[in-house]
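Some notes on the structure that comes next.
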Amino acid sequence: MRLWLAAMLALAVAACASSGQRASHEYAVGEAQNGLTVKVHVSDTVHVTLNSTAWTISGSSDGAVLEQDGLQQVSPAPAGTCFPGEGCGATSALFRAIKVGKAVVGASRVSCGEARACVGAEGRYEVTVVVD
């Protein structure tokens with residue numbers, strides 16, 4: 001009986017090791033990736049963090065490829081670390097790669113500082129995510 005159990009355990013370990021499945025990874029993207037393309041794999045996550053509470057993340061252009069996991073999170077800076085109205089803090093959202101394809105995550109803002117409207121591309125964010 002012990003020999004049979006040892007053989008079954010060895011087969012199970014070998015089957016798991018040869019399945020070819022890889023562990024999922026989380027990719028962090030932010031302002032530095034604005035306008036760029038990020039390559040990920042199915043089951044990976046993409047965490048978009050933008051350095052202002054004024055951003056609104058519009059989601060994924062193709063939810064069947066890259067699905068938003070929950071609502072965007074707005075995290076203000078700790079009290080006393082910046083002046084009111086500056087938008088200190090961060091806005092973030094988590095996305096999960098569902099299937100092979102391409103999707104764009106976009107965001108926008110109208111305020112780029114206290115009483116200062118965004119000019120041109122300052123108020124737009126876009127990162128392309130290619131899932132393979």
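Chains: A, B, ... in order of the structure tokens. Residues: from 1 per chain. Ligands: from 1, in order shown.
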Once DSSP has gone over the backbone, tell me which residues of chain A are in helix (DSSP H, G or I), as an mmCIF file with C-alpha atoms, in the first residue's frame.
```cif
data_model
loop_
_atom_site.group_PDB
_atom_site.id
_atom_site.type_symbol
_atom_site.label_atom_id
_atom_site.label_comp_id
_atom_site.auth_asym_id
_atom_site.auth_seq_id
_atom_site.Cartn_x
_atom_site.Cartn_y
_atom_site.Cartn_z
ATOM 1 C CA ARG A 2 2.803 2.444 0.861
ATOM 2 C CA LEU A 3 4.575 1.667 -2.404
ATOM 3 C CA TRP A 4 1.360 2.349 -4.340
ATOM 4 C CA LEU A 5 0.838 5.649 -2.477
ATOM 5 C CA ALA A 6 4.437 6.707 -3.155
ATOM 6 C CA ALA A 7 4.019 5.901 -6.850
ATOM 7 C CA MET A 8 0.777 7.930 -7.070
ATOM 8 C CA LEU A 9 2.423 10.875 -5.313
ATOM 9 C CA ALA A 10 5.384 10.738 -7.699
ATOM 10 C CA LEU A 11 3.023 10.708 -10.698
ATOM 11 C CA ALA A 12 1.069 13.674 -9.340
ATOM 12 C CA VAL A 13 4.235 15.703 -8.785
ATOM 13 C CA ALA A 14 5.505 14.854 -12.269
ATOM 14 C CA ALA A 15 2.173 15.809 -13.839
ATOM 15 C CA CYS A 16 2.148 19.182 -12.087
ATOM 16 C CA ALA A 17 5.755 19.895 -12.994
ATOM 17 C CA GLU A 31 2.928 57.979 -16.102
ATOM 18 C CA ALA A 32 6.262 56.664 -17.423
ATOM 19 C CA GLN A 33 4.377 54.200 -19.650
ATOM 20 C CA GLY A 120 -2.815 69.440 -24.527
ATOM 21 C CA ALA A 121 -1.716 65.913 -23.668
ATOM 22 C CA GLU A 122 -1.280 66.717 -19.942
ATOM 23 C CA GLY A 123 -4.835 65.601 -19.315
#
```
Need to verify the contact set: A:Cys112, 8 Å, only C-alpha atoms, exclusion of same-chain residues closer than 2 positions in sequence. Can you return it as an MDAnalysis selection string? chainID A and resid 54 86 109:110 114 116:118 122:123
Keeping only N, CA and C atoms, write the selected residues as an mmCIF file, in the first residue's frame.
```
data_model
loop_
_atom_site.group_PDB
_atom_site.id
_atom_site.type_symbol
_atom_site.label_atom_id
_atom_site.label_comp_id
_atom_site.auth_asym_id
_atom_site.auth_seq_id
_atom_site.Cartn_x
_atom_site.Cartn_y
_atom_site.Cartn_z
ATOM 1 N N ALA A 54 -6.811 63.599 -9.343
ATOM 2 C CA ALA A 54 -7.668 64.209 -10.363
ATOM 3 C C ALA A 54 -7.948 63.279 -11.541
ATOM 4 N N GLU A 86 -4.422 70.580 -4.732
ATOM 5 C CA GLU A 86 -3.325 70.183 -5.610
ATOM 6 C C GLU A 86 -3.490 68.777 -6.171
ATOM 7 N N ARG A 109 -8.004 63.759 -17.105
ATOM 8 C CA ARG A 109 -8.183 64.707 -16.001
ATOM 9 C C ARG A 109 -8.321 66.100 -16.602
ATOM 10 N N VAL A 110 -9.015 66.973 -15.917
ATOM 11 C CA VAL A 110 -9.180 68.344 -16.398
ATOM 12 C C VAL A 110 -8.335 69.317 -15.590
ATOM 13 N N GLU A 114 -3.623 73.150 -8.695
ATOM 14 C CA GLU A 114 -4.618 74.050 -8.104
ATOM 15 C C GLU A 114 -4.942 75.185 -9.069
ATOM 16 N N ARG A 116 -5.426 75.207 -12.144
ATOM 17 C CA ARG A 116 -4.715 75.164 -13.431
ATOM 18 C C ARG A 116 -5.303 74.054 -14.288
ATOM 19 N N ALA A 117 -5.861 74.444 -15.419
ATOM 20 C CA ALA A 117 -6.423 73.459 -16.343
ATOM 21 C C ALA A 117 -5.299 72.741 -17.086
ATOM 22 N N CYS A 118 -5.534 71.486 -17.420
ATOM 23 C CA CYS A 118 -4.555 70.726 -18.206
ATOM 24 C C CYS A 118 -4.508 71.291 -19.621
ATOM 25 N N GLU A 122 -1.402 66.830 -21.403
ATOM 26 C CA GLU A 122 -1.280 66.717 -19.942
ATOM 27 C C GLU A 122 -2.461 65.996 -19.304
ATOM 28 N N GLY A 123 -3.621 66.150 -19.901
ATOM 29 C CA GLY A 123 -4.835 65.601 -19.315
ATOM 30 C C GLY A 123 -5.243 64.248 -19.859
#
```
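Across the structure, atom CA of A:Val65 and atom CA of A:Val129 are spaced 9.2 Å apart.
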If you run DSSP over the backbone, which residues in chain A end up strand (DSSP E)? Put them as a PDB file with N, CA and C atoms, in the first residue's frame.
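Everything below was put into out_32.pdb:
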```pdb
ATOM      1  N   GLU A  26       2.212  40.428 -11.662  1.00  0.00           N
ATOM      2  CA  GLU A  26       1.560  41.733 -11.635  1.00  0.00           C
ATOM      3  C   GLU A  26       2.523  42.763 -12.207  1.00  0.00           C
ATOM      4  N   TYR A  27       2.043  43.507 -13.188  1.00  0.00           N
ATOM      5  CA  TYR A  27       2.843  44.549 -13.818  1.00  0.00           C
ATOM      6  C   TYR A  27       2.340  45.906 -13.341  1.00  0.00           C
ATOM      7  N   ALA A  28       3.245  46.755 -12.894  1.00  0.00           N
ATOM      8  CA  ALA A  28       2.901  48.096 -12.431  1.00  0.00           C
ATOM      9  C   ALA A  28       3.203  49.087 -13.547  1.00  0.00           C
ATOM     10  N   VAL A  29       2.200  49.864 -13.938  1.00  0.00           N
ATOM     11  CA  VAL A  29       2.400  50.891 -14.956  1.00  0.00           C
ATOM     12  C   VAL A  29       1.892  52.227 -14.425  1.00  0.00           C
ATOM     13  N   THR A  37       3.463  50.550 -25.065  1.00  0.00           N
ATOM     14  CA  THR A  37       2.820  49.236 -25.095  1.00  0.00           C
ATOM     15  C   THR A  37       3.486  48.342 -24.069  1.00  0.00           C
ATOM     16  N   VAL A  38       2.669  47.631 -23.303  1.00  0.00           N
ATOM     17  CA  VAL A  38       3.142  46.689 -22.291  1.00  0.00           C
ATOM     18  C   VAL A  38       2.681  45.305 -22.716  1.00  0.00           C
ATOM     19  N   LYS A  39       3.590  44.320 -22.669  1.00  0.00           N
ATOM     20  CA  LYS A  39       3.238  42.948 -23.039  1.00  0.00           C
ATOM     21  C   LYS A  39       3.107  42.097 -21.788  1.00  0.00           C
ATOM     22  N   VAL A  40       1.979  41.382 -21.687  1.00  0.00           N
ATOM     23  CA  VAL A  40       1.708  40.513 -20.546  1.00  0.00           C
ATOM     24  C   VAL A  40       1.180  39.175 -21.061  1.00  0.00           C
ATOM     25  N   THR A  45      -1.780  40.351 -14.079  1.00  0.00           N
ATOM     26  CA  THR A  45      -2.528  41.549 -13.721  1.00  0.00           C
ATOM     27  C   THR A  45      -1.701  42.788 -14.053  1.00  0.00           C
ATOM     28  N   VAL A  46      -2.399  43.851 -14.371  1.00  0.00           N
ATOM     29  CA  VAL A  46      -1.773  45.136 -14.682  1.00  0.00           C
ATOM     30  C   VAL A  46      -2.342  46.149 -13.692  1.00  0.00           C
ATOM     31  N   HIS A  47      -1.464  46.744 -12.887  1.00  0.00           N
ATOM     32  CA  HIS A  47      -1.878  47.718 -11.874  1.00  0.00           C
ATOM     33  C   HIS A  47      -1.485  49.104 -12.373  1.00  0.00           C
ATOM     34  N   VAL A  48      -2.469  49.886 -12.756  1.00  0.00           N
ATOM     35  CA  VAL A  48      -2.242  51.242 -13.260  1.00  0.00           C
ATOM     36  C   VAL A  48      -2.341  52.208 -12.083  1.00  0.00           C
ATOM     37  N   THR A  49      -1.277  52.988 -11.852  1.00  0.00           N
ATOM     38  CA  THR A  49      -1.272  53.990 -10.782  1.00  0.00           C
ATOM     39  C   THR A  49      -0.823  55.325 -11.366  1.00  0.00           C
ATOM     40  N   LEU A  50      -1.668  56.331 -11.233  1.00  0.00           N
ATOM     41  CA  LEU A  50      -1.373  57.667 -11.737  1.00  0.00           C
ATOM     42  C   LEU A  50      -1.274  58.624 -10.554  1.00  0.00           C
ATOM     43  N   THR A  56      -9.315  60.190 -13.795  1.00  0.00           N
ATOM     44  CA  THR A  56     -10.429  59.248 -13.894  1.00  0.00           C
ATOM     45  C   THR A  56     -10.004  58.183 -14.893  1.00  0.00           C
ATOM     46  N   ILE A  57      -9.871  56.959 -14.431  1.00  0.00           N
ATOM     47  CA  ILE A  57      -9.463  55.855 -15.305  1.00  0.00           C
ATOM     48  C   ILE A  57     -10.716  55.332 -15.992  1.00  0.00           C
ATOM     49  N   SER A  58     -10.704  55.367 -17.324  1.00  0.00           N
ATOM     50  CA  SER A  58     -11.910  55.029 -18.086  1.00  0.00           C
ATOM     51  C   SER A  58     -12.100  53.535 -18.294  1.00  0.00           C
ATOM     52  N   GLY A  59     -11.127  52.736 -17.937  1.00  0.00           N
ATOM     53  CA  GLY A  59     -11.259  51.288 -18.074  1.00  0.00           C
ATOM     54  C   GLY A  59     -10.539  50.757 -19.294  1.00  0.00           C
ATOM     55  N   SER A  60     -10.895  49.538 -19.677  1.00  0.00           N
ATOM     56  CA  SER A  60     -10.266  48.831 -20.787  1.00  0.00           C
ATOM     57  C   SER A  60     -11.099  48.994 -22.052  1.00  0.00           C
ATOM     58  N   LEU A  66      -8.836  42.370 -21.517  1.00  0.00           N
ATOM     59  CA  LEU A  66      -8.287  42.937 -20.288  1.00  0.00           C
ATOM     60  C   LEU A  66      -9.448  43.467 -19.457  1.00  0.00           C
ATOM     61  N   GLU A  67      -9.759  42.765 -18.385  1.00  0.00           N
ATOM     62  CA  GLU A  67     -10.933  43.073 -17.574  1.00  0.00           C
ATOM     63  C   GLU A  67     -10.536  43.861 -16.333  1.00  0.00           C
ATOM     64  N   GLN A  68     -11.268  44.943 -16.064  1.00  0.00           N
ATOM     65  CA  GLN A  68     -11.005  45.703 -14.843  1.00  0.00           C
ATOM     66  C   GLN A  68     -11.486  44.901 -13.647  1.00  0.00           C
ATOM     67  N   GLN A  73      -9.413  53.132  -7.437  1.00  0.00           N
ATOM     68  CA  GLN A  73      -9.173  53.552  -6.056  1.00  0.00           C
ATOM     69  C   GLN A  73      -8.500  54.917  -6.069  1.00  0.00           C
ATOM     70  N   VAL A  74      -9.008  55.829  -5.269  1.00  0.00           N
ATOM     71  CA  VAL A  74      -8.401  57.155  -5.128  1.00  0.00           C
ATOM     72  C   VAL A  74      -7.839  57.239  -3.720  1.00  0.00           C
ATOM     73  N   SER A  75      -6.524  57.477  -3.633  1.00  0.00           N
ATOM     74  CA  SER A  75      -5.834  57.512  -2.340  1.00  0.00           C
ATOM     75  C   SER A  75      -5.227  58.887  -2.117  1.00  0.00           C
ATOM     76  N   PRO A  76      -5.884  59.753  -1.368  1.00  0.00           N
ATOM     77  CA  PRO A  76      -5.326  61.077  -1.092  1.00  0.00           C
ATOM     78  C   PRO A  76      -4.026  60.972  -0.291  1.00  0.00           C
ATOM     79  N   GLY A  89      -1.757  62.708  -4.122  1.00  0.00           N
ATOM     80  CA  GLY A  89      -2.197  61.345  -3.880  1.00  0.00           C
ATOM     81  C   GLY A  89      -2.110  60.557  -5.170  1.00  0.00           C
ATOM     82  N   ALA A  90      -2.911  59.514  -5.289  1.00  0.00           N
ATOM     83  CA  ALA A  90      -2.848  58.651  -6.468  1.00  0.00           C
ATOM     84  C   ALA A  90      -4.225  58.093  -6.800  1.00  0.00           C
ATOM     85  N   THR A  91      -4.383  57.771  -8.070  1.00  0.00           N
ATOM     86  CA  THR A  91      -5.567  57.071  -8.562  1.00  0.00           C
ATOM     87  C   THR A  91      -5.068  55.786  -9.195  1.00  0.00           C
ATOM     88  N   SER A  92      -5.702  54.667  -8.871  1.00  0.00           N
ATOM     89  CA  SER A  92      -5.225  53.388  -9.407  1.00  0.00           C
ATOM     90  C   SER A  92      -6.388  52.469  -9.755  1.00  0.00           C
ATOM     91  N   ALA A  93      -6.086  51.499 -10.604  1.00  0.00           N
ATOM     92  CA  ALA A  93      -7.060  50.466 -10.970  1.00  0.00           C
ATOM     93  C   ALA A  93      -6.290  49.208 -11.338  1.00  0.00           C
ATOM     94  N   LEU A  94      -6.911  48.081 -11.086  1.00  0.00           N
ATOM     95  CA  LEU A  94      -6.309  46.779 -11.360  1.00  0.00           C
ATOM     96  C   LEU A  94      -7.042  46.127 -12.522  1.00  0.00           C
ATOM     97  N   PHE A  95      -6.271  45.539 -13.442  1.00  0.00           N
ATOM     98  CA  PHE A  95      -6.830  44.859 -14.609  1.00  0.00           C
ATOM     99  C   PHE A  95      -6.254  43.452 -14.690  1.00  0.00           C
ATOM    100  N   ARG A  96      -7.069  42.516 -15.176  1.00  0.00           N
ATOM    101  CA  ARG A  96      -6.655  41.117 -15.310  1.00  0.00           C
ATOM    102  C   ARG A  96      -6.691  40.722 -16.786  1.00  0.00           C
ATOM    103  N   ALA A  97      -5.587  40.114 -17.257  1.00  0.00           N
ATOM    104  CA  ALA A  97      -5.503  39.637 -18.638  1.00  0.00           C
ATOM    105  C   ALA A  97      -6.309  38.347 -18.763  1.00  0.00           C
ATOM    106  N   GLY A 101      -4.958  39.023 -26.984  1.00  0.00           N
ATOM    107  CA  GLY A 101      -5.493  40.154 -27.732  1.00  0.00           C
ATOM    108  C   GLY A 101      -4.827  41.453 -27.318  1.00  0.00           C
ATOM    109  N   LYS A 102      -5.487  42.560 -27.631  1.00  0.00           N
ATOM    110  CA  LYS A 102      -4.935  43.882 -27.327  1.00  0.00           C
ATOM    111  C   LYS A 102      -6.041  44.768 -26.775  1.00  0.00           C
ATOM    112  N   ALA A 103      -5.715  45.548 -25.759  1.00  0.00           N
ATOM    113  CA  ALA A 103      -6.663  46.497 -25.172  1.00  0.00           C
ATOM    114  C   ALA A 103      -5.901  47.750 -24.755  1.00  0.00           C
ATOM    115  N   VAL A 104      -6.618  48.837 -24.681  1.00  0.00           N
ATOM    116  CA  VAL A 104      -6.039  50.114 -24.269  1.00  0.00           C
ATOM    117  C   VAL A 104      -6.704  50.547 -22.966  1.00  0.00           C
ATOM    118  N   VAL A 105      -5.886  50.947 -22.007  1.00  0.00           N
ATOM    119  CA  VAL A 105      -6.394  51.528 -20.766  1.00  0.00           C
ATOM    120  C   VAL A 105      -6.174  53.032 -20.872  1.00  0.00           C
ATOM    121  N   GLY A 106      -7.244  53.776 -20.696  1.00  0.00           N
ATOM    122  CA  GLY A 106      -7.156  55.220 -20.812  1.00  0.00           C
ATOM    123  C   GLY A 106      -7.563  55.916 -19.525  1.00  0.00           C
ATOM    124  N   ALA A 107      -7.125  57.156 -19.392  1.00  0.00           N
ATOM    125  CA  ALA A 107      -7.505  57.981 -18.250  1.00  0.00           C
ATOM    126  C   ALA A 107      -7.478  59.437 -18.697  1.00  0.00           C
ATOM    127  N   SER A 108      -8.210  60.261 -17.958  1.00  0.00           N
ATOM    128  CA  SER A 108      -8.225  61.686 -18.277  1.00  0.00           C
ATOM    129  C   SER A 108      -8.371  62.501 -16.999  1.00  0.00           C
ATOM    130  N   ARG A 124      -4.359  63.614 -20.641  1.00  0.00           N
ATOM    131  CA  ARG A 124      -4.691  62.310 -21.225  1.00  0.00           C
ATOM    132  C   ARG A 124      -3.626  61.281 -20.889  1.00  0.00           C
ATOM    133  N   TYR A 125      -4.081  60.059 -20.645  1.00  0.00           N
ATOM    134  CA  TYR A 125      -3.181  58.932 -20.376  1.00  0.00           C
ATOM    135  C   TYR A 125      -3.695  57.738 -21.162  1.00  0.00           C
ATOM    136  N   GLU A 126      -2.751  57.001 -21.759  1.00  0.00           N
ATOM    137  CA  GLU A 126      -3.133  55.816 -22.521  1.00  0.00           C
ATOM    138  C   GLU A 126      -1.972  54.833 -22.538  1.00  0.00           C
ATOM    139  N   VAL A 127      -2.250  53.604 -22.169  1.00  0.00           N
ATOM    140  CA  VAL A 127      -1.255  52.543 -22.274  1.00  0.00           C
ATOM    141  C   VAL A 127      -1.916  51.372 -22.995  1.00  0.00           C
ATOM    142  N   THR A 128      -1.211  50.816 -23.975  1.00  0.00           N
ATOM    143  CA  THR A 128      -1.710  49.664 -24.723  1.00  0.00           C
ATOM    144  C   THR A 128      -1.177  48.406 -24.061  1.00  0.00           C
ATOM    145  N   VAL A 129      -2.056  47.444 -23.834  1.00  0.00           N
ATOM    146  CA  VAL A 129      -1.668  46.177 -23.215  1.00  0.00           C
ATOM    147  C   VAL A 129      -1.895  45.068 -24.232  1.00  0.00           C
ATOM    148  N   VAL A 130      -0.811  44.369 -24.585  1.00  0.00           N
ATOM    149  CA  VAL A 130      -0.887  43.229 -25.497  1.00  0.00           C
ATOM    150  C   VAL A 130      -0.797  41.971 -24.653  1.00  0.00           C
ATOM    151  N   VAL A 131      -1.803  41.115 -24.763  1.00  0.00           N
ATOM    152  CA  VAL A 131      -1.859  39.869 -24.000  1.00  0.00           C
ATOM    153  C   VAL A 131      -1.529  38.723 -24.938  1.00  0.00           C
TER     154      VAL A 131
END
```
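Take atom CA of A:Asn34 and atom CA of A:Phe83: the distance between them is 26.3 Å.
The space between atom CA of A:Trp55 and atom CA of A:Gln72 spans 9.9 Å.
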